[in-house]
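Here's the structure we're looking at; comments come further down.
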Amino acid sequence: MTLEHLINAKPDEKIVISVRRHPIVLLGSMLVVAVIAAAPIMVAFLLNTAWPTALSQPMLRTAAILTLSAYELITWLFFITSFVDYYLDIWIVTTHRVISVEQNDLFSRKVSELDLTKAQDVTSEVKGFLPSILSYGDVTVQAAVNVEHFVFEQVPHPHDVRRKILELMEAESSRQMSPIMDAIKGDA
């Protein structure tokens, strides 16, 4: 499935920007998963040190294996959920619209769109030491009417994304005003 199919692109509409969160965001989640997955190794080491014969008993060994298996399955579920959330969140800017596709849970997705002519303000923000060094942050697109604003979360090079959206807003406004101006000139 292409992005054009996902957004139901109009014939004269082209995708200009498609952006996901910065990969370092996924790396942070993966480090948390690695620490959580390694915790049973520490517990087994401490248990073996404090009570060396504990795992030699068949009933306790079976209970430990079942508990460890359930724990690791939950850890894998957390990993998969984090990855799906990272990978399926995408923000697309076309020549006519801003589209936000956000995965909320494993089975919940929200798709929103805003015409560039209805966008009023675009803000980019980089907060923190690591985001400043790696150049990632948030881009907020505010609509002219009182509807929710679009936030591109933790995207690479947010200032460049903001500049490009502003350029596209100006171009779309000019394109929409052109027939009106031609009609005015024709009447004069």
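We name chains A, B, ... following the order of the structure tokens; residues begin at 1 in each chain, and ligands are numbered from 1 as shown.
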
As JSON, numbers by chain, please: every residue in segment 134-181 of chain A that DSSP puts in helix (DSSP H, G or I).
{"A": [134, 158, 159, 160, 161, 162, 163, 164, 165, 166, 167, 168, 169, 170, 171, 172, 173, 174, 175, 176, 177, 178, 179, 180, 181]}

Go ahead and dump the residues you just picked, N, CA and C atoms, as a compact mmCIF listing (two decimals), in the first residue's frame.
# COMPACT_ATOMS: atom_id res chain seq x y z
N LEU A 134 20.62 16.18 18.45
CA LEU A 134 20.21 15.32 17.34
C LEU A 134 19.20 15.98 16.40
N PRO A 158 12.79 19.68 12.81
CA PRO A 158 11.47 20.32 12.87
C PRO A 158 11.43 21.72 12.26
N HIS A 159 12.55 22.46 12.33
CA HIS A 159 12.55 23.81 11.77
C HIS A 159 12.45 23.76 10.24
N ASP A 160 13.10 22.77 9.62
CA ASP A 160 13.01 22.60 8.17
C ASP A 160 11.59 22.20 7.76
N VAL A 161 10.97 21.32 8.55
CA VAL A 161 9.59 20.89 8.27
C VAL A 161 8.67 22.10 8.35
N ARG A 162 8.85 22.92 9.39
CA ARG A 162 8.01 24.12 9.56
C ARG A 162 8.17 25.06 8.36
N ARG A 163 9.41 25.30 7.94
CA ARG A 163 9.65 26.19 6.79
C ARG A 163 8.97 25.67 5.53
N LYS A 164 9.08 24.37 5.29
CA LYS A 164 8.48 23.78 4.09
C LYS A 164 6.96 23.88 4.13
N ILE A 165 6.36 23.65 5.29
CA ILE A 165 4.90 23.77 5.42
C ILE A 165 4.47 25.22 5.16
N LEU A 166 5.22 26.19 5.68
CA LEU A 166 4.89 27.59 5.44
C LEU A 166 4.97 27.93 3.95
N GLU A 167 5.99 27.39 3.27
CA GLU A 167 6.12 27.60 1.82
C GLU A 167 4.92 27.00 1.08
N LEU A 168 4.52 25.81 1.47
CA LEU A 168 3.37 25.15 0.83
C LEU A 168 2.07 25.90 1.12
N MET A 169 1.93 26.44 2.33
CA MET A 169 0.74 27.22 2.66
C MET A 169 0.66 28.46 1.77
N GLU A 170 1.79 29.11 1.58
CA GLU A 170 1.83 30.30 0.73
C GLU A 170 1.51 29.94 -0.72
N ALA A 171 2.09 28.86 -1.22
CA ALA A 171 1.84 28.43 -2.60
C ALA A 171 0.38 28.05 -2.80
N GLU A 172 -0.20 27.34 -1.84
CA GLU A 172 -1.61 26.93 -1.95
C GLU A 172 -2.53 28.14 -1.90
N SER A 173 -2.21 29.10 -1.04
CA SER A 173 -3.00 30.33 -0.96
C SER A 173 -2.94 31.09 -2.29
N SER A 174 -1.76 31.18 -2.86
CA SER A 174 -1.60 31.85 -4.16
C SER A 174 -2.37 31.13 -5.25
N ARG A 175 -2.31 29.81 -5.24
CA ARG A 175 -3.01 29.00 -6.24
C ARG A 175 -4.52 29.20 -6.15
N GLN A 176 -5.04 29.28 -4.92
CA GLN A 176 -6.48 29.45 -4.75
C GLN A 176 -6.92 30.88 -5.05
N MET A 177 -6.04 31.84 -4.84
CA MET A 177 -6.37 33.25 -5.10
C MET A 177 -6.24 33.60 -6.57
N SER A 178 -5.49 32.84 -7.33
CA SER A 178 -5.23 33.14 -8.74
C SER A 178 -6.51 33.26 -9.56
N PRO A 179 -7.46 32.31 -9.51
CA PRO A 179 -8.69 32.47 -10.30
C PRO A 179 -9.51 33.69 -9.89
N ILE A 180 -9.49 34.02 -8.61
CA ILE A 180 -10.23 35.19 -8.12
C ILE A 180 -9.62 36.46 -8.68
N MET A 181 -8.29 36.53 -8.64
CA MET A 181 -7.60 37.71 -9.14
C MET A 181 -7.79 37.83 -10.65

Shell of 6 Å around Thr94 of chain A, only C-alpha atoms, local chain residues under 4 positions omitted, as a PyMOL selection string
chain A and resi 14-16

File of the preceding selection, N, CA and C atoms, as a PDB file, in the first residue's frame:
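Once written, part-v8.pdb looks like this:
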ATOM      1  N   LYS A  14       0.426  16.084  -4.701  1.00  0.00           N
ATOM      2  CA  LYS A  14       1.685  15.344  -4.565  1.00  0.00           C
ATOM      3  C   LYS A  14       2.149  15.384  -3.111  1.00  0.00           C
ATOM      4  N   ILE A  15       2.731  14.280  -2.652  1.00  0.00           N
ATOM      5  CA  ILE A  15       3.285  14.235  -1.305  1.00  0.00           C
ATOM      6  C   ILE A  15       4.621  14.963  -1.319  1.00  0.00           C
ATOM      7  N   VAL A  16       4.748  15.943  -0.424  1.00  0.00           N
ATOM      8  CA  VAL A  16       5.967  16.732  -0.338  1.00  0.00           C
ATOM      9  C   VAL A  16       6.824  16.269   0.838  1.00  0.00           C
TER      10      VAL A  16
END

Write down as JSON, numbers by chain the residues belonging to segment 62-125 of chain A that are assigned strand (DSSP E or B) by DSSP computed on the backbone.
{"A": [90, 91, 92, 93, 94, 97, 98, 99, 100, 101, 102, 103, 104, 105, 108, 109, 110, 111, 112, 113, 114, 115, 119, 120, 121, 122, 123, 124, 125]}

Written file, previous selection with N, CA, C and O atoms, as a short mmCIF file (atom, residue, chain, number, x, y, z; two decimals), in the first residue's frame:
data_model
loop_
_atom_site.label_atom_id
_atom_site.label_comp_id
_atom_site.auth_asym_id
_atom_site.auth_seq_id
_atom_site.Cartn_x
_atom_site.Cartn_y
_atom_site.Cartn_z
N ILE A 90 2.68 8.52 11.38
CA ILE A 90 3.30 9.23 10.25
C ILE A 90 2.54 10.52 10.00
O ILE A 90 1.32 10.57 10.18
N TRP A 91 3.28 11.54 9.65
CA TRP A 91 2.68 12.82 9.31
C TRP A 91 3.06 13.12 7.87
O TRP A 91 4.22 13.03 7.48
N ILE A 92 2.04 13.46 7.07
CA ILE A 92 2.23 13.66 5.64
C ILE A 92 1.77 15.07 5.29
O ILE A 92 0.70 15.51 5.72
N VAL A 93 2.60 15.75 4.50
CA VAL A 93 2.23 17.07 4.00
C VAL A 93 2.23 16.97 2.48
O VAL A 93 3.23 16.57 1.88
N THR A 94 1.09 17.28 1.89
CA THR A 94 0.98 17.26 0.44
C THR A 94 0.92 18.70 -0.07
O THR A 94 1.01 19.65 0.73
N ARG A 97 -2.75 19.47 1.58
CA ARG A 97 -3.23 19.10 2.91
C ARG A 97 -2.10 18.71 3.86
O ARG A 97 -1.00 18.37 3.43
N VAL A 98 -2.44 18.72 5.14
CA VAL A 98 -1.61 18.13 6.20
C VAL A 98 -2.40 16.95 6.72
O VAL A 98 -3.58 17.09 7.06
N ILE A 99 -1.75 15.78 6.77
CA ILE A 99 -2.44 14.57 7.21
C ILE A 99 -1.66 13.96 8.37
O ILE A 99 -0.44 13.80 8.30
N SER A 100 -2.39 13.63 9.41
CA SER A 100 -1.79 13.01 10.59
C SER A 100 -2.37 11.61 10.75
O SER A 100 -3.58 11.44 10.84
N VAL A 101 -1.49 10.60 10.76
CA VAL A 101 -1.90 9.22 10.98
C VAL A 101 -1.22 8.78 12.27
O VAL A 101 -0.01 8.65 12.32
N GLU A 102 -2.02 8.58 13.31
CA GLU A 102 -1.46 8.23 14.61
C GLU A 102 -2.06 6.92 15.10
O GLU A 102 -3.28 6.76 15.17
N GLN A 103 -1.17 6.00 15.45
CA GLN A 103 -1.56 4.72 16.03
C GLN A 103 -1.65 4.91 17.53
O GLN A 103 -0.66 5.24 18.18
N ASN A 104 -2.84 4.74 18.11
CA ASN A 104 -3.02 4.96 19.54
C ASN A 104 -2.72 3.70 20.34
O ASN A 104 -2.05 3.75 21.36
N ASP A 105 -3.26 2.59 19.92
CA ASP A 105 -3.03 1.29 20.54
C ASP A 105 -2.76 0.31 19.41
O ASP A 105 -2.70 0.70 18.25
N SER A 108 -6.07 0.63 17.32
CA SER A 108 -6.73 1.94 17.29
C SER A 108 -5.86 2.93 16.52
O SER A 108 -4.73 3.18 16.91
N ARG A 109 -6.42 3.49 15.45
CA ARG A 109 -5.68 4.44 14.62
C ARG A 109 -6.56 5.66 14.38
O ARG A 109 -7.76 5.54 14.17
N LYS A 110 -5.94 6.82 14.41
CA LYS A 110 -6.65 8.08 14.17
C LYS A 110 -6.01 8.77 12.97
O LYS A 110 -4.80 9.00 12.95
N VAL A 111 -6.82 9.09 11.96
CA VAL A 111 -6.35 9.80 10.77
C VAL A 111 -7.08 11.13 10.71
O VAL A 111 -8.31 11.17 10.73
N SER A 112 -6.30 12.22 10.66
CA SER A 112 -6.88 13.57 10.58
C SER A 112 -6.24 14.31 9.43
O SER A 112 -5.10 14.03 9.07
N GLU A 113 -6.98 15.25 8.87
CA GLU A 113 -6.40 16.05 7.80
C GLU A 113 -6.88 17.49 7.90
O GLU A 113 -7.92 17.77 8.48
N LEU A 114 -6.08 18.37 7.33
CA LEU A 114 -6.36 19.80 7.35
C LEU A 114 -5.91 20.39 6.03
O LEU A 114 -4.77 20.15 5.60
N ASP A 115 -6.80 21.15 5.39
CA ASP A 115 -6.41 21.85 4.17
C ASP A 115 -5.39 22.92 4.52
O ASP A 115 -5.53 23.61 5.54
N ALA A 119 -4.91 26.35 7.47
CA ALA A 119 -3.85 26.43 8.47
C ALA A 119 -3.48 27.89 8.69
O ALA A 119 -3.39 28.67 7.74
N GLN A 120 -3.29 28.25 9.94
CA GLN A 120 -3.02 29.64 10.25
C GLN A 120 -1.61 29.83 10.78
O GLN A 120 -0.95 30.81 10.44
N ASP A 121 -1.14 28.91 11.59
CA ASP A 121 0.14 29.10 12.25
C ASP A 121 0.89 27.77 12.28
O ASP A 121 0.28 26.72 12.48
N VAL A 122 2.20 27.84 12.08
CA VAL A 122 3.04 26.65 12.17
C VAL A 122 4.19 26.98 13.11
O VAL A 122 4.88 27.99 12.93
N THR A 123 4.38 26.14 14.10
CA THR A 123 5.41 26.36 15.11
C THR A 123 6.29 25.13 15.21
O THR A 123 5.78 24.01 15.18
N SER A 124 7.60 25.35 15.33
CA SER A 124 8.51 24.22 15.58
C SER A 124 9.19 24.46 16.92
O SER A 124 9.47 25.60 17.30
N GLU A 125 9.42 23.36 17.63
CA GLU A 125 9.99 23.48 18.97
C GLU A 125 10.94 22.31 19.24
O GLU A 125 10.59 21.16 19.01
#

Pick from A:Leu106, A:Leu46, A:Val84, A:Ile133: nearest to Ser29 of chain A, with only C-alpha atoms counted?
A:Val84

Can you pull out the residues contacting Ile65 of chain A? Cut-off 12 Å, using only C-alpha atoms, and skip same-chain residues under 5 positions away; I want them as a PyMOL selection string.
chain A and resi 40+44+55+58-60+70-72

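Taking atom CA of Ile36 of chain A as the reference point, atom CA of Thr75 of chain A is found at 7.0 Å.
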
For Pro156 of chain A, which of A:Leu73, A:Leu31, A:Ala9, A:Val19 is the closest residue, counting only C-alpha atoms?
A:Val19

Please determine, counting only C-alpha atoms, which residue among A:Leu130, A:Val139, A:Leu88, A:Val151 has the shortest atom-to-atom distance to Gly28 of chain A.
A:Leu130

Between atom CA of Gln154 of chain A and atom CA of Tyr136 of chain A, measure the distance and give it in Å to one decimal.
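It comes out at 5.6 Å.
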
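Counting only C-alpha atoms and comparing A:Val155, A:Ala50, A:Ile7, A:Leu116, the residue that lies closest to Pro23 of chain A is A:Val155.
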